[in-house]
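Structure file query-v1.txt with compact mmCIF, C-alpha atoms and all ligand atoms:
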# COMPACT_ATOMS: atom_id res chain seq x y z
CA MET A 1 1.76 -82.21 25.96
CA SER A 2 1.59 -80.48 29.32
CA TYR A 3 3.42 -77.20 29.84
CA ASN A 4 3.30 -77.41 33.62
CA PHE A 5 6.89 -77.31 34.66
CA TYR A 6 7.52 -78.69 38.15
CA GLY A 7 10.29 -77.84 40.60
CA ASN A 8 13.38 -76.29 39.00
CA ASN A 9 12.83 -72.80 40.36
CA MET A 10 16.25 -71.64 39.18
CA ALA A 11 15.45 -72.48 35.57
CA LYS A 12 12.02 -70.88 35.89
CA GLN A 13 13.67 -67.74 37.23
CA LEU A 14 15.29 -67.34 33.80
CA LEU A 15 11.84 -67.07 32.20
CA LEU A 16 10.80 -64.51 34.82
CA ASN A 17 13.94 -62.48 34.15
CA ILE A 18 13.24 -62.42 30.41
CA ASN A 19 9.72 -61.22 31.26
CA LYS A 20 11.07 -58.45 33.43
CA SER A 21 14.03 -57.18 31.48
CA ASN A 22 13.80 -58.80 28.06
CA CYS A 23 17.52 -59.34 28.39
CA LEU A 24 18.45 -62.29 26.18
CA SER A 25 21.52 -64.40 25.63
CA HIS A 26 22.42 -65.49 22.11
CA ALA A 27 22.69 -69.12 23.22
CA TYR A 28 21.23 -71.20 26.04
CA LEU A 29 22.20 -74.70 27.03
CA ILE A 30 19.55 -76.67 28.87
CA PHE A 31 21.17 -79.69 30.41
CA GLY A 32 20.34 -82.55 32.75
CA GLN A 33 19.62 -86.28 32.56
CA ASP A 34 16.92 -87.59 30.20
CA GLY A 35 13.40 -87.36 31.56
CA LEU A 36 13.82 -84.04 33.40
CA GLY A 37 11.98 -82.00 30.76
CA LYS A 38 14.69 -80.45 28.57
CA LYS A 39 12.46 -80.46 25.48
CA THR A 40 9.52 -78.95 27.33
CA PHE A 41 11.71 -76.27 28.86
CA ALA A 42 13.30 -75.46 25.48
CA LYS A 43 9.82 -74.87 24.11
CA LEU A 44 8.82 -72.77 27.11
CA LEU A 45 11.93 -70.66 26.61
CA ALA A 46 11.20 -70.26 22.89
CA MET A 47 7.64 -69.22 23.75
CA THR A 48 8.86 -66.74 26.35
CA ILE A 49 11.09 -65.11 23.73
CA MET A 50 8.38 -65.05 21.03
CA CYS A 51 5.28 -64.38 23.17
CA GLU A 52 3.29 -61.25 22.35
CA SER A 53 1.67 -60.83 25.77
CA ASP A 54 2.89 -59.07 28.89
CA LYS A 55 3.03 -62.24 30.95
CA LYS A 56 5.27 -64.55 28.98
CA PRO A 57 4.79 -67.32 28.02
CA CYS A 58 1.01 -66.87 27.95
CA LEU A 59 0.40 -70.11 25.95
CA GLU A 60 -2.56 -68.29 24.38
CA CYS A 61 -1.27 -65.71 21.90
CA LYS A 62 -0.71 -66.45 18.23
CA ALA A 63 3.06 -66.76 18.67
CA CYS A 64 2.81 -69.13 21.67
CA LYS A 65 0.27 -71.30 19.86
CA LYS A 66 2.52 -71.54 16.83
CA VAL A 67 5.45 -72.62 19.00
CA ILE A 68 3.24 -75.16 20.79
CA SER A 69 2.14 -76.72 17.50
CA ASP A 70 5.70 -76.58 16.05
CA ASN A 71 4.47 -74.24 13.33
CA HIS A 72 6.30 -71.04 14.13
CA PRO A 73 8.28 -70.05 11.00
CA ASP A 74 11.02 -68.46 13.12
CA VAL A 75 11.47 -71.36 15.55
CA LYS A 76 13.43 -74.10 13.84
CA TYR A 77 14.21 -77.54 15.16
CA VAL A 78 17.49 -79.09 14.16
CA LEU A 79 16.81 -82.80 14.27
CA GLY A 80 18.98 -85.81 13.62
CA GLY A 81 21.16 -85.84 16.73
CA GLU A 82 19.55 -88.87 18.34
CA SER A 83 22.67 -91.03 18.57
CA LYS A 84 26.37 -90.58 19.19
CA ASN A 85 28.20 -88.58 16.48
CA SER A 86 25.01 -88.15 14.47
CA LEU A 87 25.03 -84.34 14.30
CA HIS A 88 27.37 -83.62 11.42
CA ILE A 89 29.11 -80.53 10.16
CA GLU A 90 26.68 -80.33 7.17
CA LYS A 91 23.82 -79.61 9.59
CA ILE A 92 25.79 -76.75 11.14
CA ARG A 93 26.58 -75.36 7.68
CA GLU A 94 22.87 -75.44 6.84
CA ILE A 95 22.13 -73.47 10.02
CA LYS A 96 24.90 -71.01 9.24
CA ASN A 97 23.48 -70.33 5.78
CA ASP A 98 19.92 -70.15 7.06
CA CYS A 99 20.50 -67.88 10.01
CA ILE A 100 21.64 -64.93 7.93
CA ILE A 101 18.14 -64.78 6.40
CA LYS A 102 15.93 -62.36 8.32
CA PRO A 103 13.14 -63.68 10.57
CA ASN A 104 9.75 -64.11 8.89
CA GLU A 105 7.47 -62.46 11.38
CA SER A 106 9.24 -62.05 14.71
CA GLU A 107 12.07 -60.01 16.00
CA TYR A 108 14.13 -63.16 16.59
CA LYS A 109 14.97 -66.40 14.89
CA ILE A 110 15.40 -69.36 17.24
CA TYR A 111 17.19 -72.62 16.52
CA ILE A 112 16.46 -75.44 18.94
CA ILE A 113 19.21 -78.05 18.72
CA PRO A 114 18.57 -81.06 20.97
CA ASN A 115 21.26 -83.50 22.11
CA ILE A 116 24.30 -81.46 21.19
CA GLN A 117 26.40 -84.04 23.04
CA ASN A 118 25.97 -86.01 19.80
CA MET A 119 27.79 -83.47 17.60
CA THR A 120 30.88 -84.69 15.79
CA ILE A 121 34.14 -82.85 16.47
CA GLY A 122 33.84 -81.18 13.06
CA ALA A 123 30.34 -80.00 13.92
CA PHE A 124 31.48 -78.64 17.29
CA ASN A 125 34.28 -76.66 15.63
CA ALA A 126 31.97 -75.23 12.98
CA PHE A 127 29.36 -74.38 15.58
CA LEU A 128 31.95 -72.69 17.77
CA LYS A 129 32.65 -70.22 14.95
CA THR A 130 28.94 -69.39 14.78
CA LEU A 131 28.87 -68.85 18.54
CA GLU A 132 31.93 -66.60 18.36
CA GLU A 133 30.24 -64.30 15.89
CA PRO A 134 26.55 -64.72 16.69
CA PRO A 135 24.36 -63.36 13.91
CA ASN A 136 21.96 -60.59 14.86
CA ASN A 137 18.59 -61.63 16.23
CA VAL A 138 19.50 -65.31 16.25
CA ILE A 139 19.10 -67.30 19.46
CA PHE A 140 20.24 -70.88 19.92
CA ILE A 141 18.49 -73.11 22.44
CA LEU A 142 20.61 -76.22 22.89
CA THR A 143 20.03 -79.28 25.03
CA ALA A 144 22.42 -81.94 26.28
CA ASN A 145 22.00 -84.89 28.63
CA ASN A 146 25.70 -84.98 29.47
CA ILE A 147 27.60 -81.72 29.75
CA ASP A 148 30.88 -83.60 30.27
CA LEU A 149 30.82 -84.58 26.59
CA LEU A 150 30.89 -80.95 25.42
CA PRO A 151 34.07 -78.98 24.67
CA GLN A 152 34.81 -76.30 27.24
CA THR A 153 35.08 -73.74 24.43
CA ILE A 154 31.38 -74.31 23.64
CA ILE A 155 30.23 -74.29 27.27
CA SER A 156 32.01 -71.01 27.96
CA ARG A 157 30.04 -69.26 25.21
CA ILE A 158 26.54 -70.23 26.23
CA SER A 159 24.23 -69.48 29.15
CA PRO A 160 23.76 -72.74 31.07
CA VAL A 161 20.38 -73.76 32.46
CA GLN A 162 20.63 -76.88 34.57
CA LEU A 163 17.55 -79.00 35.22
CA PHE A 164 17.41 -81.01 38.45
CA PRO A 165 15.40 -84.06 39.55
CA LEU A 166 12.38 -83.31 41.73
CA SER A 167 12.22 -84.10 45.43
CA PRO A 168 10.05 -87.18 46.23
CA LYS A 169 7.27 -84.88 47.48
CA GLU A 170 7.45 -82.66 44.37
CA LEU A 171 7.37 -85.73 42.13
CA GLU A 172 4.39 -87.21 43.95
CA ASP A 173 2.42 -83.94 43.80
CA ALA A 174 3.36 -83.40 40.15
CA LEU A 175 2.20 -86.89 39.16
CA LYS A 176 -1.05 -86.48 41.07
CA THR A 177 -1.69 -83.25 39.18
CA GLU A 178 -0.81 -84.76 35.81
CA PHE A 179 -2.98 -87.83 36.33
CA GLU A 180 -5.87 -86.20 38.14
CA ASP A 181 -8.35 -87.28 35.47
CA SER A 182 -7.46 -90.96 35.82
CA ASP A 183 -8.97 -93.55 38.15
CA ILE A 184 -7.72 -91.76 41.27
CA GLU A 185 -7.45 -94.67 43.69
CA LEU A 186 -5.66 -96.93 41.24
CA VAL A 187 -3.29 -94.26 40.03
CA TYR A 188 -2.48 -92.96 43.54
CA GLU A 189 -1.48 -96.44 44.64
CA LYS A 190 0.80 -96.80 41.63
CA ILE A 191 2.28 -93.34 42.20
CA GLU A 192 3.19 -94.27 45.76
CA ASN A 193 4.99 -97.37 44.49
CA ILE A 194 6.76 -95.61 41.67
CA VAL A 195 7.97 -92.39 43.34
CA PRO A 196 10.68 -94.03 45.53
CA LEU A 197 12.09 -95.77 42.43
CA CYS A 198 12.42 -92.87 40.02
CA ASN A 199 15.00 -90.60 41.68
CA GLY A 200 12.86 -87.54 41.06
CA ASN A 201 12.75 -88.15 37.30
CA MET A 202 9.33 -87.02 36.09
CA GLY A 203 9.72 -88.39 32.54
CA LEU A 204 10.61 -91.82 33.83
CA ALA A 205 7.77 -91.87 36.36
CA LYS A 206 5.26 -90.85 33.69
CA LYS A 207 6.55 -93.54 31.36
CA TYR A 208 6.07 -96.22 34.01
CA LEU A 209 2.59 -94.97 34.83
CA LEU A 210 1.44 -94.62 31.25
CA ASP A 211 2.47 -97.87 29.69
CA ASP A 212 1.98 -99.86 32.86
CA LYS A 213 5.55 -101.00 32.59
CA PHE A 214 5.83 -100.95 36.35
CA SER A 215 3.34 -103.83 36.75
CA LYS A 216 5.31 -105.81 34.20
CA LEU A 217 8.56 -105.14 36.09
CA GLN A 218 6.90 -106.22 39.33
CA GLN A 219 5.93 -109.49 37.67
CA ASP A 220 9.46 -109.85 36.25
CA SER A 221 10.92 -109.45 39.72
CA LEU A 222 8.68 -112.22 41.07
CA ASN A 223 9.60 -114.52 38.17
CA LEU A 224 13.24 -113.88 38.84
CA CYS A 225 12.79 -114.60 42.56
CA ARG A 226 11.31 -117.96 41.61
CA LEU A 227 14.34 -118.74 39.44
CA ILE A 228 16.69 -117.63 42.23
CA ALA A 229 14.83 -119.91 44.66
CA GLN A 230 15.20 -122.75 42.17
CA LYS A 231 18.90 -121.80 41.72
CA LYS A 232 18.65 -122.02 37.93
CA GLU A 233 21.63 -120.12 36.61
CA TYR A 234 20.98 -120.31 32.87
CA PRO A 235 17.31 -119.19 32.98
CA ILE A 236 18.35 -116.34 35.30
CA LEU A 237 20.99 -115.23 32.81
CA LYS A 238 18.49 -115.47 29.94
CA TYR A 239 15.95 -113.45 31.88
CA VAL A 240 18.21 -110.61 32.92
CA THR A 241 19.97 -110.34 29.55
CA GLU A 242 16.76 -108.73 28.32
CA PHE A 243 17.58 -105.79 30.57
CA GLU A 244 20.93 -105.19 28.93
CA LYS A 245 19.68 -102.20 27.01
CA ASN A 246 17.80 -100.49 29.78
CA ASN A 247 19.62 -99.44 32.90
CA GLN A 248 16.61 -97.83 34.45
CA ASP A 249 14.38 -100.89 34.08
CA PHE A 250 17.16 -103.02 35.52
CA TYR A 251 17.43 -100.65 38.48
CA ILE A 252 13.72 -100.97 39.20
CA LEU A 253 13.86 -104.74 38.77
CA LEU A 254 16.67 -104.93 41.36
CA GLU A 255 14.78 -102.60 43.69
CA GLN A 256 11.77 -104.94 43.54
CA ILE A 257 13.89 -108.05 44.10
CA LEU A 258 15.31 -106.36 47.20
CA VAL A 259 11.77 -105.81 48.51
CA HIS A 260 11.05 -109.54 48.06
CA LEU A 261 14.32 -110.58 49.67
CA ARG A 262 13.52 -108.44 52.72
CA GLU A 263 10.05 -109.97 52.86
CA SER A 264 11.59 -113.43 52.75
CA LEU A 265 13.80 -112.48 55.71
CA LEU A 266 10.68 -111.46 57.60
CA ILE A 267 9.19 -114.88 56.91
CA LYS A 268 12.27 -116.50 58.37
CA VAL A 269 12.31 -114.28 61.45
CA THR A 270 8.62 -113.87 62.24
CA GLY A 271 6.97 -116.72 60.36
CA LYS A 272 4.85 -114.16 58.46
CA SER A 273 2.87 -116.06 55.86
CA ASP A 274 0.67 -113.69 53.83
CA VAL A 275 3.18 -113.20 51.03
CA LYS A 276 3.43 -114.11 47.38
CA GLU A 277 4.27 -117.69 46.51
CA GLU A 278 7.63 -116.69 44.98
CA VAL A 279 8.65 -114.95 48.21
CA SER A 280 7.93 -118.01 50.34
CA GLN A 281 9.94 -120.07 47.85
CA LEU A 282 12.90 -117.72 48.43
CA ALA A 283 12.52 -118.03 52.21
CA PHE A 284 12.31 -121.79 51.95
CA SER A 285 15.27 -122.41 49.67
CA LEU A 286 17.80 -119.84 50.92
CA SER A 287 19.52 -119.60 54.29
CA LYS A 288 19.38 -116.39 56.30
CA SER A 289 23.00 -115.57 55.54
CA GLN A 290 22.43 -116.19 51.83
CA VAL A 291 19.55 -113.69 51.87
CA PHE A 292 21.70 -111.14 53.74
CA ASN A 293 24.54 -111.61 51.25
CA LEU A 294 22.17 -111.26 48.32
CA ILE A 295 20.74 -108.02 49.69
CA GLU A 296 24.20 -106.60 50.19
CA PHE A 297 25.34 -107.71 46.74
CA ILE A 298 22.25 -106.45 44.89
CA GLU A 299 22.47 -103.07 46.64
CA LYS A 300 25.97 -102.71 45.16
CA VAL A 301 24.86 -103.69 41.64
CA LYS A 302 21.96 -101.26 41.95
CA ILE A 303 24.37 -98.37 42.55
CA LYS A 304 26.36 -99.45 39.49
CA THR A 305 23.26 -99.16 37.27
CA GLN A 306 23.27 -95.44 38.01
CA THR A 307 26.75 -94.97 36.59
CA ASN A 308 27.87 -95.33 33.00
CA ALA A 309 29.14 -98.86 33.64
CA ASN A 310 29.13 -101.31 30.72
CA GLN A 311 25.67 -102.86 30.93
CA SER A 312 26.51 -106.30 29.45
CA LEU A 313 29.41 -106.65 31.82
CA MET A 314 27.22 -105.59 34.73
CA ILE A 315 24.60 -108.24 33.87
CA ALA A 316 27.31 -110.93 33.61
CA THR A 317 28.80 -109.84 36.96
CA PHE A 318 25.32 -109.84 38.48
CA VAL A 319 24.61 -113.43 37.41
CA ALA A 320 28.08 -114.63 38.46
CA GLY A 321 27.65 -112.94 41.86
CA LEU A 322 24.22 -114.52 42.34
CA LYS A 323 25.63 -117.93 41.48
CA GLU A 324 28.42 -117.55 44.01
CA ILE A 325 25.98 -116.69 46.80
CA ILE A 326 23.18 -119.18 46.11
CA GLY A 327 25.50 -122.00 44.96
ZN ZN B 401 2.09 -65.81 24.32

Mind turning this structure into structure tokens?
Amino acid sequence: MSYNFYGNNMAKQLLLNINKSNCLSHAYLIFGQDGLGKKTFAKLLAMTIMCESDKKPCLECKACKKVISDNHPDVKYVLGGESKNSLHIEKIREIKNDCIIKPNESEYKIYIIPNIQNMTIGAFNAFLKTLEEPPNNVIFILTANNIDLLPQTIISRISPVQLFPLSPKELEDALKTEFEDSDIELVYEKIENIVPLCNGNMGLAKKYLLDDKFSKLQQDSLNLCRLIAQKKEYPILKYVTEFEKNNQDFYILLEQILVHLRESLLIKVTGKSDVKEEVSQLAFSLSKSQVFNLIEFIEKVKIKTQTNANQSLMIATFVAGLKEIIG
């Protein structure tokens, strides 16, 4: 795991402030969409609090190393909140009973609770009481991917740390640093393709680079273009239904289809011919206005994938919309 933390200067300022003044809050909430590095930042914050060196977090001292390897006896992870309503009141009671016990070897005891948006109402209420009377030397580091799901009473009692997506340039530089040991030419080409599609989300970009999912999505987009050219509604529906559970993949798939549609327009206008077979099929079987309408329609669906819209409904609307345009 890399502890390079890119962009997010405001969040990093918090670590610098702790270094300077050692002034600590009894609870921090690190929030932002998945893939922005909440877990990494929570660990960096825990290290900064526990670090024994002057320049915190040094990543080298005994305390830092224990946090890095998840073996620090005074840094506890509260797991189990992976899905909606899965963090129950019993977990909070356990923490309440545990946090009155003195730290083992440090001045502080830290509880890292990821995904607090998944607390039940009972758990929120119990946790609120703990936050109202914070035990001595106990620090909570909480994370949430959606702050709108948290009660205002909780938010008002914790120090918020928002994580933001990186700019395209920051993301590109960060990926080049992270993958500098790989086959440079190959990886640089992929990075250039991926950066415009990831909205500054480092976790997502790394995922696509690591498991080569991007190449698969590129192939998927070509397969789908072939089906669109053949105007086969049922196979299209079958194909895109597989994306029901993954908004982000669907977004990238649409983004790639748009690239092919624009290429097919170029074929129509300029007679350009050095394109993939599937793209010429699109140009051959669709009229110019159909391609224009498709581009406009897919752009709209693409925006919807970035909201919390019902994914099954979106897929159904997508296929129905396609059918209407291509006939
Ligand atoms: Zn250290």

Non-local contacts of Gln290 in chain A (9 Å; only C-alpha atoms; under 4 positions in same chain excluded) as a VMD selection string: chain A and resid 286 294 to 295 325 to 326

All residues 12 Å or closer to range 31-37 of chain A, all atoms listed in the file, same chain fewer than 3 positions away omitted, as a PyMOL selection string: chain A and resi 1-8+11+28+40-44+113-117+141-150+155+158-166+171+198-208+248+306-307

Once you have the residues from the selection above, write them out as a PDB file, keeping the file's coordinate frame, restricted to C-alpha atoms.
ATOM      1  CA  MET A   1       1.760 -82.210  25.960  1.00  0.00           C
ATOM      2  CA  SER A   2       1.590 -80.480  29.320  1.00  0.00           C
ATOM      3  CA  TYR A   3       3.420 -77.200  29.840  1.00  0.00           C
ATOM      4  CA  ASN A   4       3.300 -77.410  33.620  1.00  0.00           C
ATOM      5  CA  PHE A   5       6.890 -77.310  34.660  1.00  0.00           C
ATOM      6  CA  TYR A   6       7.520 -78.690  38.150  1.00  0.00           C
ATOM      7  CA  GLY A   7      10.290 -77.840  40.600  1.00  0.00           C
ATOM      8  CA  ASN A   8      13.380 -76.290  39.000  1.00  0.00           C
ATOM      9  CA  ALA A  11      15.450 -72.480  35.570  1.00  0.00           C
ATOM     10  CA  TYR A  28      21.230 -71.200  26.040  1.00  0.00           C
ATOM     11  CA  THR A  40       9.520 -78.950  27.330  1.00  0.00           C
ATOM     12  CA  PHE A  41      11.710 -76.270  28.860  1.00  0.00           C
ATOM     13  CA  ALA A  42      13.300 -75.460  25.480  1.00  0.00           C
ATOM     14  CA  LYS A  43       9.820 -74.870  24.110  1.00  0.00           C
ATOM     15  CA  LEU A  44       8.820 -72.770  27.110  1.00  0.00           C
ATOM     16  CA  ILE A 113      19.210 -78.050  18.720  1.00  0.00           C
ATOM     17  CA  PRO A 114      18.570 -81.060  20.970  1.00  0.00           C
ATOM     18  CA  ASN A 115      21.260 -83.500  22.110  1.00  0.00           C
ATOM     19  CA  ILE A 116      24.300 -81.460  21.190  1.00  0.00           C
ATOM     20  CA  GLN A 117      26.400 -84.040  23.040  1.00  0.00           C
ATOM     21  CA  ILE A 141      18.490 -73.110  22.440  1.00  0.00           C
ATOM     22  CA  LEU A 142      20.610 -76.220  22.890  1.00  0.00           C
ATOM     23  CA  THR A 143      20.030 -79.280  25.030  1.00  0.00           C
ATOM     24  CA  ALA A 144      22.420 -81.940  26.280  1.00  0.00           C
ATOM     25  CA  ASN A 145      22.000 -84.890  28.630  1.00  0.00           C
ATOM     26  CA  ASN A 146      25.700 -84.980  29.470  1.00  0.00           C
ATOM     27  CA  ILE A 147      27.600 -81.720  29.750  1.00  0.00           C
ATOM     28  CA  ASP A 148      30.880 -83.600  30.270  1.00  0.00           C
ATOM     29  CA  LEU A 149      30.820 -84.580  26.590  1.00  0.00           C
ATOM     30  CA  LEU A 150      30.890 -80.950  25.420  1.00  0.00           C
ATOM     31  CA  ILE A 155      30.230 -74.290  27.270  1.00  0.00           C
ATOM     32  CA  ILE A 158      26.540 -70.230  26.230  1.00  0.00           C
ATOM     33  CA  SER A 159      24.230 -69.480  29.150  1.00  0.00           C
ATOM     34  CA  PRO A 160      23.760 -72.740  31.070  1.00  0.00           C
ATOM     35  CA  VAL A 161      20.380 -73.760  32.460  1.00  0.00           C
ATOM     36  CA  GLN A 162      20.630 -76.880  34.570  1.00  0.00           C
ATOM     37  CA  LEU A 163      17.550 -79.000  35.220  1.00  0.00           C
ATOM     38  CA  PHE A 164      17.410 -81.010  38.450  1.00  0.00           C
ATOM     39  CA  PRO A 165      15.400 -84.060  39.550  1.00  0.00           C
ATOM     40  CA  LEU A 166      12.380 -83.310  41.730  1.00  0.00           C
ATOM     41  CA  LEU A 171       7.370 -85.730  42.130  1.00  0.00           C
ATOM     42  CA  CYS A 198      12.420 -92.870  40.020  1.00  0.00           C
ATOM     43  CA  ASN A 199      15.000 -90.600  41.680  1.00  0.00           C
ATOM     44  CA  GLY A 200      12.860 -87.540  41.060  1.00  0.00           C
ATOM     45  CA  ASN A 201      12.750 -88.150  37.300  1.00  0.00           C
ATOM     46  CA  MET A 202       9.330 -87.020  36.090  1.00  0.00           C
ATOM     47  CA  GLY A 203       9.720 -88.390  32.540  1.00  0.00           C
ATOM     48  CA  LEU A 204      10.610 -91.820  33.830  1.00  0.00           C
ATOM     49  CA  ALA A 205       7.770 -91.870  36.360  1.00  0.00           C
ATOM     50  CA  LYS A 206       5.260 -90.850  33.690  1.00  0.00           C
ATOM     51  CA  LYS A 207       6.550 -93.540  31.360  1.00  0.00           C
ATOM     52  CA  TYR A 208       6.070 -96.220  34.010  1.00  0.00           C
ATOM     53  CA  GLN A 248      16.610 -97.830  34.450  1.00  0.00           C
ATOM     54  CA  GLN A 306      23.270 -95.440  38.010  1.00  0.00           C
ATOM     55  CA  THR A 307      26.750 -94.970  36.590  1.00  0.00           C
TER      56      THR A 307
END

List all protein, DNA and RNA residues that have at least one atom no more than 8 Å from any atom of ligand ZN 401 (chain B), counting only C-alpha atoms and all ligand atoms, and write them as a short mmCIF file (atom, residue, chain, number, x, y, z; two decimals) with C-alpha atoms, in the frame of the given file.
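As written to disk, pocket.cif reads:
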data_model
loop_
_atom_site.label_atom_id
_atom_site.label_comp_id
_atom_site.auth_asym_id
_atom_site.auth_seq_id
_atom_site.Cartn_x
_atom_site.Cartn_y
_atom_site.Cartn_z
CA MET A 47 7.64 -69.22 23.75
CA THR A 48 8.86 -66.74 26.35
CA MET A 50 8.38 -65.05 21.03
CA CYS A 51 5.28 -64.38 23.17
CA GLU A 52 3.29 -61.25 22.35
CA SER A 53 1.67 -60.83 25.77
CA LYS A 55 3.03 -62.24 30.95
CA LYS A 56 5.27 -64.55 28.98
CA PRO A 57 4.79 -67.32 28.02
CA CYS A 58 1.01 -66.87 27.95
CA LEU A 59 0.40 -70.11 25.95
CA GLU A 60 -2.56 -68.29 24.38
CA CYS A 61 -1.27 -65.71 21.90
CA LYS A 62 -0.71 -66.45 18.23
CA ALA A 63 3.06 -66.76 18.67
CA CYS A 64 2.81 -69.13 21.67
CA LYS A 65 0.27 -71.30 19.86
#

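The space between CA of Asn246 in chain A and CA of Val275 in chain A spans 28.8 Å.
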
Nearest to Glu132 in chain A, chosen from A:Val75, A:Ala309, A:Cys99, A:Ala27, with only C-alpha atoms counted in the distances: A:Ala27
